[in-house]
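Here is data03.cif, consisting of mmCIF, C-alpha atoms:
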```cif
data_coords
#
loop_
_atom_site.label_atom_id
_atom_site.label_comp_id
_atom_site.auth_asym_id
_atom_site.auth_seq_id
_atom_site.Cartn_x
_atom_site.Cartn_y
_atom_site.Cartn_z
CA MET A 6 0.53 -8.61 1.85
CA LYS A 7 -1.74 -5.59 1.38
CA LEU A 8 -5.41 -5.60 2.36
CA LYS A 9 -7.81 -2.96 1.03
CA LEU A 10 -10.60 -2.40 3.57
CA ILE A 11 -13.70 -0.56 2.32
CA TYR A 12 -16.82 0.81 4.00
CA PRO A 13 -19.43 1.49 1.27
CA LYS A 14 -21.40 4.72 1.06
CA TRP A 15 -25.15 5.05 1.47
CA GLU A 16 -27.69 7.77 0.78
CA LYS A 17 -28.47 9.95 3.80
CA LEU A 18 -32.06 10.63 4.78
CA ARG A 19 -33.67 13.69 3.22
CA GLY A 20 -33.95 16.75 5.45
CA GLN A 21 -31.69 15.61 8.29
CA THR A 22 -28.48 17.32 9.34
CA THR A 23 -25.77 15.39 7.53
CA PHE A 24 -22.35 14.71 8.93
CA ASN A 25 -20.11 11.66 8.85
CA LEU A 26 -18.91 9.77 11.89
CA PRO A 27 -15.85 7.53 11.66
CA PRO A 28 -17.21 3.98 11.25
CA HIS A 29 -16.58 1.51 14.04
CA GLY A 30 -17.02 -1.95 12.56
CA PRO A 31 -14.17 -1.79 10.01
CA ILE A 32 -11.54 -0.72 12.54
CA VAL A 33 -12.68 -3.33 15.08
CA PHE A 34 -12.29 -5.92 12.32
CA ALA A 35 -8.90 -4.47 11.36
CA ALA A 36 -7.64 -5.09 14.90
CA THR A 37 -8.18 -8.84 14.36
CA VAL A 38 -6.11 -9.03 11.16
CA PRO A 39 -2.61 -10.60 11.47
CA GLU A 40 0.07 -8.00 12.18
CA GLU A 41 2.05 -8.71 9.02
CA VAL A 42 -0.88 -7.57 6.84
CA ASP A 43 -0.65 -3.96 5.65
CA ILE A 44 -4.13 -2.37 5.72
CA SER A 45 -5.36 0.70 3.88
CA PHE A 46 -8.89 1.91 4.63
CA THR A 47 -11.43 3.83 2.57
CA ASP A 48 -14.72 5.10 3.96
CA GLU A 49 -16.61 5.81 0.75
CA ASN A 50 -18.86 8.29 2.58
CA VAL A 51 -15.94 10.73 2.76
CA GLU A 52 -13.64 9.72 -0.12
CA ALA A 53 -13.84 7.81 -3.38
CA VAL A 54 -12.80 4.19 -3.80
CA GLN A 55 -9.71 3.88 -5.99
CA PHE A 56 -10.25 0.69 -7.94
CA ASP A 57 -6.71 0.76 -9.36
CA GLU A 58 -5.06 0.91 -5.92
CA ALA A 59 -2.51 -1.88 -5.53
CA CYS A 60 -3.74 -4.58 -3.14
CA ASP A 61 -3.76 -8.34 -2.73
CA LEU A 62 -7.16 -8.83 -1.11
CA VAL A 63 -10.25 -6.61 -0.74
CA ALA A 64 -12.39 -6.69 2.41
CA ILE A 65 -15.79 -4.94 2.42
CA SER A 66 -17.34 -4.15 5.80
CA MET A 67 -21.06 -3.33 5.77
CA MET A 68 -23.29 -2.23 8.66
CA LEU A 69 -26.54 -1.01 7.06
CA SER A 70 -28.98 -2.64 4.67
CA THR A 71 -28.74 0.55 2.60
CA GLN A 72 -25.04 -0.24 1.99
CA VAL A 73 -25.39 -3.73 0.59
CA LYS A 74 -26.18 -2.94 -3.04
CA ARG A 75 -23.30 -0.48 -3.21
CA GLY A 76 -21.05 -3.02 -1.50
CA TRP A 77 -22.00 -5.63 -4.09
CA ALA A 78 -21.23 -3.20 -6.92
CA ILE A 79 -17.79 -2.43 -5.46
CA ALA A 80 -17.08 -6.14 -5.12
CA ASP A 81 -18.20 -6.86 -8.66
CA GLU A 82 -15.79 -4.26 -10.04
CA PHE A 83 -12.83 -5.53 -8.02
CA ARG A 84 -13.56 -9.13 -8.99
CA ARG A 85 -13.81 -8.07 -12.64
CA ARG A 86 -10.25 -6.77 -12.18
CA GLY A 87 -9.11 -10.12 -10.81
CA LYS A 88 -9.15 -9.35 -7.06
CA LYS A 89 -10.49 -11.66 -4.36
CA VAL A 90 -13.19 -10.10 -2.19
CA LEU A 91 -14.10 -10.92 1.41
CA PHE A 92 -17.32 -9.55 2.99
CA GLY A 93 -18.12 -9.08 6.69
CA GLY A 94 -20.10 -6.92 9.08
CA ILE A 95 -23.67 -6.67 10.33
CA SER A 96 -25.48 -6.33 7.02
CA THR A 97 -23.36 -9.09 5.49
CA MET A 98 -24.86 -11.33 8.18
CA LEU A 99 -28.38 -10.05 7.50
CA HIS A 100 -28.05 -10.41 3.71
CA ALA A 101 -25.65 -13.35 3.50
CA GLU A 102 -27.52 -15.35 0.86
CA GLU A 103 -27.42 -12.51 -1.66
CA THR A 104 -23.95 -11.27 -0.69
CA ILE A 105 -22.41 -14.69 -1.41
CA GLU A 106 -23.22 -14.12 -5.10
CA HIS A 107 -20.83 -11.14 -5.16
CA ALA A 108 -18.06 -12.56 -2.97
CA ASP A 109 -15.16 -14.96 -2.98
CA ALA A 110 -15.79 -15.40 0.76
CA VAL A 111 -18.21 -14.12 3.38
CA PHE A 112 -17.41 -14.01 7.08
CA LEU A 113 -20.36 -14.37 9.44
CA GLY A 114 -19.98 -13.64 13.14
CA GLU A 115 -17.37 -11.89 15.29
CA ALA A 116 -13.81 -11.85 13.99
CA GLU A 117 -11.58 -12.07 17.10
CA GLY A 118 -9.36 -15.16 16.94
CA ARG A 119 -10.66 -16.22 13.54
CA MET A 120 -8.73 -14.17 10.99
CA GLU A 121 -5.51 -16.22 11.05
CA GLU A 122 -7.49 -19.09 9.53
CA VAL A 123 -9.02 -16.89 6.83
CA PHE A 124 -5.71 -15.36 5.78
CA GLU A 125 -3.95 -18.71 5.83
CA ASP A 126 -6.61 -20.05 3.49
CA TRP A 127 -6.16 -17.02 1.23
CA ARG A 128 -2.37 -17.53 1.08
CA ASN A 129 -2.90 -21.16 0.06
CA ASP A 130 -5.58 -20.31 -2.51
CA ARG A 131 -8.27 -22.25 -0.66
CA LEU A 132 -10.65 -19.55 0.57
CA LYS A 133 -13.93 -21.03 1.73
CA LYS A 134 -17.10 -19.51 0.35
CA VAL A 135 -18.50 -19.11 3.88
CA TYR A 136 -16.83 -18.76 7.28
CA ASN A 137 -19.76 -19.13 9.64
CA PHE A 138 -19.16 -18.38 13.33
CA MET A 139 -22.70 -17.22 14.10
CA GLY A 140 -23.65 -18.23 17.64
CA ARG A 141 -20.02 -18.94 18.57
CA GLN A 142 -18.91 -15.66 20.07
CA PRO A 143 -15.25 -15.23 21.04
CA ALA A 144 -14.31 -14.51 24.63
CA VAL A 145 -14.79 -10.80 25.32
CA GLU A 146 -11.29 -10.72 26.87
CA THR A 147 -9.89 -11.11 23.34
CA ILE A 148 -11.43 -7.85 22.10
CA GLY A 149 -8.53 -5.41 21.87
CA PRO A 150 -8.21 -1.72 20.98
CA ALA A 151 -9.66 -0.79 17.58
CA ARG A 152 -7.35 0.38 14.75
CA ARG A 153 -8.19 4.09 14.89
CA ASP A 154 -4.87 4.87 13.21
CA LEU A 155 -6.56 3.91 9.93
CA TYR A 156 -8.86 6.96 10.01
CA LYS A 157 -8.11 10.04 7.94
CA ARG A 158 -9.04 12.42 10.77
CA GLU A 159 -9.38 15.53 8.65
CA LEU A 160 -12.34 13.96 6.84
CA TYR A 161 -14.50 13.60 9.95
CA ASN A 162 -15.70 17.01 10.98
CA HIS A 163 -18.83 19.08 10.70
CA LYS A 164 -18.27 22.72 9.82
CA GLY A 165 -14.66 22.28 10.87
CA VAL A 166 -15.38 20.69 14.27
CA GLN A 167 -14.16 17.20 15.13
CA MET A 168 -17.00 14.67 15.40
CA VAL A 169 -17.27 11.95 18.04
CA ASP A 170 -15.27 8.72 17.95
CA LEU A 171 -17.20 5.46 18.23
CA PHE A 172 -16.37 3.03 21.03
CA HIS A 173 -17.90 -0.10 22.55
CA ALA A 174 -17.66 -1.48 26.07
CA SER A 175 -19.87 -4.56 25.65
CA ARG A 176 -21.49 -6.86 23.13
CA GLY A 177 -24.75 -8.77 23.03
CA CYS A 178 -28.11 -7.85 24.50
CA ARG A 179 -30.41 -9.74 26.84
CA PHE A 180 -33.46 -7.99 25.38
CA SER A 181 -35.14 -9.02 22.13
CA CYS A 182 -37.04 -6.01 20.84
CA TYR A 183 -39.53 -6.62 18.03
CA PRO A 184 -37.86 -4.69 15.19
CA CYS A 185 -34.26 -5.42 16.26
CA ALA A 186 -31.77 -7.95 14.81
CA VAL A 187 -29.26 -7.82 17.69
CA SER A 188 -30.39 -11.10 19.25
CA TYR A 189 -29.79 -12.82 15.89
CA LEU A 190 -26.43 -11.15 15.36
CA GLY A 191 -24.90 -11.40 18.82
CA GLY A 192 -27.13 -13.62 20.92
CA ARG A 193 -29.33 -12.80 23.90
CA VAL A 194 -26.52 -12.81 26.45
CA PHE A 195 -25.02 -9.51 27.62
CA ARG A 196 -21.23 -9.74 27.31
CA PRO A 197 -19.48 -6.86 29.07
CA ARG A 198 -15.81 -6.40 28.29
CA PRO A 199 -13.50 -6.57 31.31
CA ILE A 200 -13.04 -3.05 32.64
CA ASP A 201 -9.25 -3.15 32.21
CA ARG A 202 -9.64 -3.97 28.49
CA VAL A 203 -12.22 -1.19 28.12
CA LEU A 204 -9.84 1.32 29.70
CA GLU A 205 -6.98 0.11 27.49
CA ASP A 206 -9.11 0.81 24.43
CA LEU A 207 -10.32 4.14 25.82
CA ALA A 208 -6.74 5.27 26.39
CA THR A 209 -6.03 5.00 22.65
CA ILE A 210 -8.67 7.62 21.80
CA ASP A 211 -7.31 11.16 21.49
CA ASN A 212 -10.76 12.66 20.86
CA ASN A 213 -12.54 14.22 23.87
CA ARG A 214 -15.95 13.21 22.48
CA LEU A 215 -17.30 9.69 22.14
CA PHE A 216 -20.34 7.75 21.07
CA ILE A 217 -20.57 4.55 23.13
CA VAL A 218 -22.39 2.34 20.64
CA ASP A 219 -23.39 -0.52 22.98
CA ASN A 220 -26.97 -1.71 22.45
CA SER A 221 -27.84 -0.70 26.01
CA LEU A 222 -25.66 0.04 29.03
CA ALA A 223 -28.59 -0.75 31.34
CA GLN A 224 -28.01 -4.51 31.50
CA ASN A 225 -25.67 -5.12 34.45
CA LYS A 226 -25.81 -2.43 37.12
CA GLU A 227 -22.62 -3.34 39.00
CA TRP A 228 -20.56 -3.43 35.81
CA GLU A 229 -22.17 -0.17 34.65
CA ILE A 230 -21.28 1.52 37.97
CA GLU A 231 -17.68 0.32 37.75
CA LEU A 232 -17.43 1.44 34.11
CA PHE A 233 -18.62 4.98 34.85
CA ARG A 234 -16.45 5.29 37.96
CA GLU A 235 -13.33 4.27 36.00
CA MET A 236 -14.20 6.63 33.11
CA ILE A 237 -14.28 9.75 35.28
CA PRO A 238 -10.51 10.51 35.09
CA PHE A 239 -10.57 10.41 31.27
CA LYS A 240 -12.79 13.54 31.17
CA LYS A 241 -14.49 12.37 27.98
CA LYS A 242 -17.88 13.68 26.89
CA TRP A 243 -20.03 10.91 25.53
CA ILE A 244 -23.31 9.84 23.98
CA SER A 245 -24.86 6.41 24.57
CA HIS A 246 -28.03 4.42 24.45
CA THR A 247 -30.08 3.84 27.59
CA ILE A 248 -28.52 4.19 31.05
CA GLU A 249 -29.91 2.49 34.17
CA ASP A 250 -32.72 4.49 35.77
CA ASP A 251 -31.03 4.66 39.17
CA PRO A 252 -29.79 7.77 41.05
CA LYS A 253 -26.35 6.30 41.78
CA VAL A 254 -25.84 5.24 38.17
CA LEU A 255 -27.07 8.55 36.76
CA ASP A 256 -24.86 10.52 39.13
CA LEU A 257 -21.76 8.51 38.15
CA ALA A 258 -22.67 8.76 34.47
CA ALA A 259 -22.85 12.55 34.77
CA GLN A 260 -19.48 12.64 36.56
CA ALA A 261 -18.02 10.39 33.84
CA GLY A 262 -19.09 12.86 31.15
CA ALA A 263 -22.50 11.69 29.91
CA TRP A 264 -23.46 14.26 27.29
CA TYR A 265 -26.79 12.91 26.08
CA VAL A 266 -28.53 9.54 25.73
CA TYR A 267 -30.83 7.93 23.20
CA GLN A 268 -34.05 7.07 25.02
CA ALA A 269 -36.86 5.14 23.36
CA VAL A 270 -40.17 7.00 23.65
CA TYR A 271 -42.83 4.40 22.95
CA ASP A 272 -45.90 5.84 24.71
CA THR A 273 -47.24 8.95 26.45
CA SER A 274 -46.93 7.62 30.00
CA ASP A 275 -45.84 9.46 33.12
CA TYR A 276 -42.96 6.97 33.29
CA ILE A 277 -41.49 8.34 30.08
CA ARG A 278 -42.09 11.92 31.21
CA GLU A 279 -40.30 11.26 34.51
CA ARG A 280 -37.52 9.29 32.82
CA VAL A 281 -36.64 12.29 30.66
CA LYS A 282 -36.84 14.61 33.66
CA ARG A 283 -34.46 12.44 35.71
CA TYR A 284 -31.84 12.54 32.96
CA HIS A 285 -32.14 16.31 32.87
CA ASP A 286 -31.90 16.52 36.67
CA TYR A 287 -28.37 15.11 36.32
CA GLY A 288 -27.44 17.41 33.44
CA ILE A 289 -27.75 14.66 30.81
CA GLY A 290 -29.47 15.56 27.53
CA VAL A 291 -32.01 13.28 25.87
CA GLU A 292 -32.55 12.41 22.23
CA GLY A 293 -35.86 10.59 21.95
CA THR A 294 -35.96 7.68 19.52
CA ILE A 295 -39.49 7.24 18.23
CA LEU A 296 -40.64 4.27 16.18
CA ILE A 297 -43.89 4.63 14.26
CA GLY A 298 -45.87 2.17 12.18
CA LEU A 299 -46.27 -0.69 14.66
CA ASP A 300 -49.47 -2.69 14.37
CA ASN A 301 -50.85 -1.33 17.65
CA GLN A 302 -50.53 2.30 16.51
CA SER A 303 -53.41 4.16 14.91
CA GLU A 304 -53.02 7.52 13.22
CA ASP A 305 -54.43 9.18 16.36
CA ASP A 306 -51.91 7.30 18.52
CA ILE A 307 -49.03 8.60 16.41
CA ARG A 308 -50.33 12.16 16.49
CA ARG A 309 -50.73 12.03 20.29
CA LEU A 310 -47.21 10.69 20.61
CA ILE A 311 -45.82 13.54 18.51
CA ASP A 312 -47.70 16.11 20.61
CA PHE A 313 -46.36 14.45 23.78
CA LEU A 314 -42.77 14.86 22.59
CA LEU A 315 -43.23 18.62 22.49
CA GLU A 316 -44.35 18.55 26.14
CA ILE A 317 -41.52 16.58 27.73
CA ASP A 318 -38.59 18.85 26.86
CA LEU A 319 -36.60 16.50 24.64
CA ASP A 320 -33.33 17.98 23.42
CA LEU A 321 -33.54 16.11 20.11
CA ALA A 322 -35.83 13.57 18.49
CA GLU A 323 -35.14 10.94 15.86
CA PHE A 324 -38.11 9.39 14.08
CA THR A 325 -38.02 6.06 12.29
CA VAL A 326 -40.67 4.03 10.54
CA MET A 327 -41.02 0.37 11.36
CA THR A 328 -38.63 -1.38 8.96
CA PRO A 329 -38.67 -5.19 8.55
CA PHE A 330 -34.96 -5.93 8.44
CA PRO A 331 -34.13 -9.57 7.61
CA HIS A 332 -33.72 -11.95 10.56
CA THR A 333 -36.05 -9.96 12.82
CA LYS A 334 -39.45 -11.05 14.11
CA GLY A 335 -40.93 -8.06 12.31
CA TYR A 336 -39.60 -9.34 8.99
CA ASP A 337 -40.81 -12.89 9.62
CA ASP A 338 -44.31 -11.74 10.61
CA LEU A 339 -44.80 -9.27 7.77
CA LEU A 340 -43.33 -11.63 5.17
CA ARG A 341 -45.62 -14.47 6.32
CA GLN A 342 -48.61 -12.10 6.17
CA GLY A 343 -47.68 -10.92 2.66
CA ARG A 344 -47.42 -7.29 3.79
CA ILE A 345 -43.94 -6.40 2.51
CA PHE A 346 -44.20 -4.78 -0.93
CA ASP A 347 -40.68 -3.38 -1.41
CA PHE A 348 -37.51 -5.50 -1.29
CA ASP A 349 -35.12 -2.85 -2.59
CA TRP A 350 -32.54 -2.75 0.22
CA ASN A 351 -31.67 0.85 -0.64
CA HIS A 352 -35.10 1.75 0.73
CA TYR A 353 -34.51 -0.01 4.08
CA ASN A 354 -33.25 3.16 5.75
CA ALA A 355 -35.91 3.48 8.51
CA GLY A 356 -37.27 6.54 6.72
CA GLN A 357 -39.19 4.90 3.89
CA VAL A 358 -42.27 2.70 4.27
CA VAL A 359 -41.76 -0.70 2.63
CA PHE A 360 -44.75 -2.63 4.03
CA HIS A 361 -48.52 -2.30 4.43
CA PRO A 362 -49.30 -1.02 7.96
CA LYS A 363 -52.21 -2.55 9.84
CA GLN A 364 -54.20 0.60 10.69
CA MET A 365 -53.50 2.93 7.77
CA SER A 366 -52.14 2.98 4.24
CA ALA A 367 -48.43 2.96 3.50
CA GLU A 368 -48.81 6.40 1.96
CA ARG A 369 -50.45 7.76 5.11
CA LEU A 370 -47.70 6.35 7.34
CA GLN A 371 -45.11 8.02 5.12
CA GLU A 372 -46.96 11.32 5.50
CA LEU A 373 -47.05 10.93 9.29
CA TYR A 374 -43.30 10.24 9.34
CA ASP A 375 -42.67 13.48 7.45
CA TYR A 376 -45.17 15.29 9.69
CA ALA A 377 -43.35 14.07 12.82
CA TRP A 378 -40.02 15.55 11.71
CA GLN A 379 -41.63 18.81 10.60
CA SER A 380 -43.65 19.19 13.81
CA PHE A 381 -40.84 18.56 16.25
CA TYR A 382 -38.38 20.83 14.46
CA ARG A 383 -40.94 23.48 13.45
CA ASP A 384 -39.70 26.23 15.79
CA GLU A 385 -36.04 25.26 15.96
CA SER A 386 -34.15 23.23 13.35
CA GLN A 387 -32.33 20.02 14.11
CA GLU A 388 -29.00 21.80 13.62
CA GLN A 389 -29.99 24.56 16.05
CA LYS A 390 -31.03 22.03 18.69
CA MET A 391 -27.80 20.10 18.18
CA PHE A 392 -25.81 23.30 18.60
CA ARG A 393 -27.49 23.95 21.95
CA LEU A 394 -26.46 20.49 23.14
CA PHE A 395 -22.96 21.02 21.80
CA ALA A 396 -22.69 24.36 23.61
CA LYS A 397 -23.19 22.57 26.94
CA VAL A 398 -20.24 20.34 26.14
CA ILE A 399 -18.10 23.32 25.19
CA ILE A 400 -18.83 24.98 28.53
CA ARG A 401 -17.99 21.85 30.48
CA GLU A 402 -14.81 21.23 28.50
CA MET A 403 -13.67 24.79 29.16
CA GLU A 404 -14.38 24.39 32.87
CA GLU A 405 -12.26 21.22 32.92
CA GLY A 406 -9.51 22.60 30.67
CA THR A 407 -10.01 20.01 27.94
CA PHE A 408 -11.44 22.26 25.22
CA ARG A 409 -9.20 22.72 22.18
CA PRO A 410 -8.75 26.34 21.04
CA ARG A 411 -8.65 25.19 17.42
CA ASP A 412 -12.33 24.22 17.72
CA ARG A 413 -13.20 27.73 18.89
CA ASN A 414 -11.65 29.31 15.83
CA LEU A 415 -13.30 26.86 13.45
CA MET A 416 -16.69 27.21 15.11
CA ASN A 417 -16.46 31.00 15.01
CA ARG A 418 -16.14 30.82 11.26
CA SER A 419 -19.18 28.55 10.97
CA PHE A 420 -21.54 29.79 13.68
CA GLY A 421 -20.36 33.32 14.40
CA LYS A 422 -22.06 35.17 17.25
CA LYS A 423 -23.73 32.05 18.66
CA VAL A 424 -20.30 30.63 19.51
CA GLU A 425 -19.06 33.84 21.08
CA ARG A 426 -22.16 34.00 23.28
CA THR A 427 -21.44 30.45 24.41
CA PHE A 428 -17.86 31.27 25.29
CA ALA A 429 -18.88 34.46 27.03
CA LYS A 430 -21.26 32.45 29.19
CA SER A 431 -18.55 29.91 30.04
CA GLU A 432 -16.04 32.61 30.92
CA GLN A 433 -18.31 34.56 33.27
#
```

Could you express the structure from this file as structure tokens?
Amino acid sequence: MKLKLIYPKWEKLRGQTTFNLPPHGPIVFAATVPEEVDISFTDENVEAVQFDEACDLVAISMMLSTQVKRGWAIADEFRRRGKKVLFGGISTMLHAEETIEHADAVFLGEAEGRMEEVFEDWRNDRLKKVYNFMGRQPAVETIGPARRDLYKRELYNHKGVQMVDLFHASRGCRFSCYPCAVSYLGGRVFRPRPIDRVLEDLATIDNNRLFIVDNSLAQNKEWEIELFREMIPFKKKWISHTIEDDPKVLDLAAQAGAWYVYQAVYDTSDYIRERVKRYHDYGIGVEGTILIGLDNQSEDDIRRLIDFLLEIDLDLAEFTVMTPFPHTKGYDDLLRQGRIFDFDWNHYNAGQVVFHPKQMSAERLQELYDYAWQSFYRDESQEQKMFRLFAKVIIREMEEGTFRPRDRNLMNRSFGKKVERTFAKSEQ
């Protein structure tokens, strides 16, 4: 049996540095598929879907709301050609009611231990319209290494340089942030994978550079300490969301290869200022994640926050507008109040205002979003700031003997003298 696995494309945000990372959800799903199934994978962000490719079943994995309409269109074309289509992934769960109209079956929840049933039903021509395992998470011990062999590696680079691989060490989140759907998707219980299973997965990754995609690593300090301690011998360089604000944890994270972290910047407090400084004290970069458009934010509040970012020495900043994704408290509140005016899921990209803010017009919030990006990157572009962060990794990799000469040659062609200055510094 041959399964065609597809990750639909979406439109990137205007003005941002664009590069493609290898998607994580599809290859985690692929690891749960019975061994006798032959899988071919297409990430439509880097290559076209071939609708005439021979296959027995089509599976469409969707993560973002901005993928769903394209995913539905792909499904409609395959079904027109007589193929059965199965949907899964985060945005399938968020948009299940609409997705069902374009599917032979939708899978809701986490896939480990459940795919034998789905494929047995397919073989016997009795696919259910819905396989609903929401709220019934599998044991984390059953999460095995992802199927990274399905990637076409040559397609994932930026200016010739290999991008990070995605990796997860835990699921679930004990927090329930206002604009976030994680508590709906995975429950409010933090579920760390056993360290030996994490290391087994980590050992399958040839890439030196990782993005640990866990919602937050700062949820169980003892597990976090053990994770970082065990990661040290791998000499990986990695990006993650928040790390525990503790000297022992930060020190181990730095030893384990922490490259930079995403840190929410939600006010102009001394706590945030010191938080960023402590990361830097341990050689860890910081990309601030800044959400604007909340009901408690006035235009002056947003402007003060933007000015504050320029004071606290952030390495990067990523701005998003409040977006009411389905199955979040934000969506429920704004829908009940009649404040959502745009239900085109292509516009739910965290860069386009789709609701009426409380303290300003939608048009003004959109202008402030654009102003935030322009202000922060006024003196140095996003790509230039990213290069400076990347240069730190190059230096450390060369010191540890893990840097690949091929990257040097490729980067020379793309960045010229900037790269040579970096290498000269590392070789002094």

Polymer residues at most 6 Å from range 185-200 of chain A, only C-alpha atoms, same-chain spacing of 6 or more positions, as a ChimeraX atom specification: /A:145,174-179,333

Residues matched by the PyMOL selection byres ((chain A and resi 367) around 12), written as a PyMOL selection string: chain A and resi 297-299+304+326-327+344-347+357-366+368-374

Hey, can you pull every residue with an atom no more than 12 Å from (-34.5, 12.7, 24.7), using all atoms listed in the file, and send it as an mmCIF file with C-alpha atoms, in the frame of the given file?
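Result went into out.cif, see below:
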```
data_model
loop_
_atom_site.group_PDB
_atom_site.id
_atom_site.type_symbol
_atom_site.label_atom_id
_atom_site.label_comp_id
_atom_site.auth_asym_id
_atom_site.auth_seq_id
_atom_site.Cartn_x
_atom_site.Cartn_y
_atom_site.Cartn_z
ATOM 1 C CA ILE A 244 -23.310 9.840 23.980
ATOM 2 C CA SER A 245 -24.860 6.410 24.570
ATOM 3 C CA HIS A 246 -28.030 4.420 24.450
ATOM 4 C CA THR A 247 -30.080 3.840 27.590
ATOM 5 C CA TRP A 264 -23.460 14.260 27.290
ATOM 6 C CA TYR A 265 -26.790 12.910 26.080
ATOM 7 C CA VAL A 266 -28.530 9.540 25.730
ATOM 8 C CA TYR A 267 -30.830 7.930 23.200
ATOM 9 C CA GLN A 268 -34.050 7.070 25.020
ATOM 10 C CA ALA A 269 -36.860 5.140 23.360
ATOM 11 C CA VAL A 270 -40.170 7.000 23.650
ATOM 12 C CA TYR A 271 -42.830 4.400 22.950
ATOM 13 C CA ILE A 277 -41.490 8.340 30.080
ATOM 14 C CA ARG A 278 -42.090 11.920 31.210
ATOM 15 C CA GLU A 279 -40.300 11.260 34.510
ATOM 16 C CA ARG A 280 -37.520 9.290 32.820
ATOM 17 C CA VAL A 281 -36.640 12.290 30.660
ATOM 18 C CA LYS A 282 -36.840 14.610 33.660
ATOM 19 C CA ARG A 283 -34.460 12.440 35.710
ATOM 20 C CA TYR A 284 -31.840 12.540 32.960
ATOM 21 C CA HIS A 285 -32.140 16.310 32.870
ATOM 22 C CA ILE A 289 -27.750 14.660 30.810
ATOM 23 C CA GLY A 290 -29.470 15.560 27.530
ATOM 24 C CA VAL A 291 -32.010 13.280 25.870
ATOM 25 C CA GLU A 292 -32.550 12.410 22.230
ATOM 26 C CA GLY A 293 -35.860 10.590 21.950
ATOM 27 C CA THR A 294 -35.960 7.680 19.520
ATOM 28 C CA ILE A 295 -39.490 7.240 18.230
ATOM 29 C CA LEU A 314 -42.770 14.860 22.590
ATOM 30 C CA LEU A 315 -43.230 18.620 22.490
ATOM 31 C CA GLU A 316 -44.350 18.550 26.140
ATOM 32 C CA ILE A 317 -41.520 16.580 27.730
ATOM 33 C CA ASP A 318 -38.590 18.850 26.860
ATOM 34 C CA LEU A 319 -36.600 16.500 24.640
ATOM 35 C CA ASP A 320 -33.330 17.980 23.420
ATOM 36 C CA LEU A 321 -33.540 16.110 20.110
ATOM 37 C CA ALA A 322 -35.830 13.570 18.490
ATOM 38 C CA GLU A 323 -35.140 10.940 15.860
ATOM 39 C CA PHE A 324 -38.110 9.390 14.080
ATOM 40 C CA LYS A 390 -31.030 22.030 18.690
ATOM 41 C CA MET A 391 -27.800 20.100 18.180
ATOM 42 C CA LEU A 394 -26.460 20.490 23.140
#
```

Residue IDs satisfying the PyMOL selection byres ((chain A and resi 49) around 9), as a ChimeraX atom specification: /A:11-15,47-48,50-54

Go ahead and write the selection's residues with C-alpha atoms as a compact mmCIF listing (two decimals), in the frame of the given file.
```txt
# COMPACT_ATOMS: atom_id res chain seq x y z
CA ILE A 11 -13.70 -0.56 2.32
CA TYR A 12 -16.82 0.81 4.00
CA PRO A 13 -19.43 1.49 1.27
CA LYS A 14 -21.40 4.72 1.06
CA TRP A 15 -25.15 5.05 1.47
CA THR A 47 -11.43 3.83 2.57
CA ASP A 48 -14.72 5.10 3.96
CA ASN A 50 -18.86 8.29 2.58
CA VAL A 51 -15.94 10.73 2.76
CA GLU A 52 -13.64 9.72 -0.12
CA ALA A 53 -13.84 7.81 -3.38
CA VAL A 54 -12.80 4.19 -3.80
```

Output check: residues returned by the PyMOL selection byres ((chain A and resi 79) around 10), as JSON, numbers by chain: {"A": [11, 13, 54, 56, 63, 65, 73, 74, 75, 76, 77, 78, 80, 81, 82, 83, 84, 85, 90, 107]}

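Here CA of Phe24 in chain A is placed at a distance of 10.6 Å from CA of Val166 in chain A.
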
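Between CA of Gly114 in chain A and CA of Ile148 in chain A there is a distance of 13.7 Å.
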
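Nearest-residue note for Ala64 in chain A: choosing from A:Arg153, A:Ser45, A:Leu8, A:Gly335, the minimum distance belongs to A:Leu8, counting all atoms listed in the file.
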
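Of note, CA of Ala110 in chain A and CA of Gln72 in chain A are spaced 17.8 Å apart.
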
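Each of A:Lys226, A:Arg341, A:Arg308, A:His173 was checked against Pro329 in chain A using all atoms listed in the file; the smallest atom-to-atom distance is that of A:Arg341.
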
Kindly compute an axis-aligned box around the listed atoms of range 258-262 of chain A, allowing 5 Å on each side, and express its centre and edge lengths in Å to one decimal as lines of an AutoDock Vina configuration file.
```
center_x = -20.4
center_y = 10.8
center_z = 33.9
size_x = 14.8
size_y = 14.1
size_z = 15.4
```

Would you kindly return, as a short mmCIF file (atom, residue, chain, number, x, y, z; two decimals) with C-alpha atoms, in the coordinates of the input, each protein, DNA or RNA residue with an atom no farther than 8 Å from any atom of Cys60 in chain A, considering only C-alpha atoms and excluding same-chain residues fewer than 5 positions away?
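Just written: around_7.cif:
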```cif
data_model
loop_
_atom_site.label_atom_id
_atom_site.label_comp_id
_atom_site.auth_asym_id
_atom_site.auth_seq_id
_atom_site.Cartn_x
_atom_site.Cartn_y
_atom_site.Cartn_z
CA MET A 6 0.53 -8.61 1.85
CA LYS A 7 -1.74 -5.59 1.38
CA LEU A 8 -5.41 -5.60 2.36
CA LYS A 9 -7.81 -2.96 1.03
#
```

Test item: which residues lie within 12 Å of (-27.6, -12.0, 2.3) counting all atoms listed in the file, as a count of residues only: 31

Residues near Pro39 in chain A, cut-off 12 Å, only C-alpha atoms, skip fewer than 4 positions along chain, as a ChimeraX atom specification: /A:6-8,34-35,43-44,116-125

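Among A:Tyr156, A:Leu62, A:Ala151, A:Gln55, the residue with the shortest atom-to-atom distance to Arg128 in chain A, counting only C-alpha atoms, is A:Leu62.
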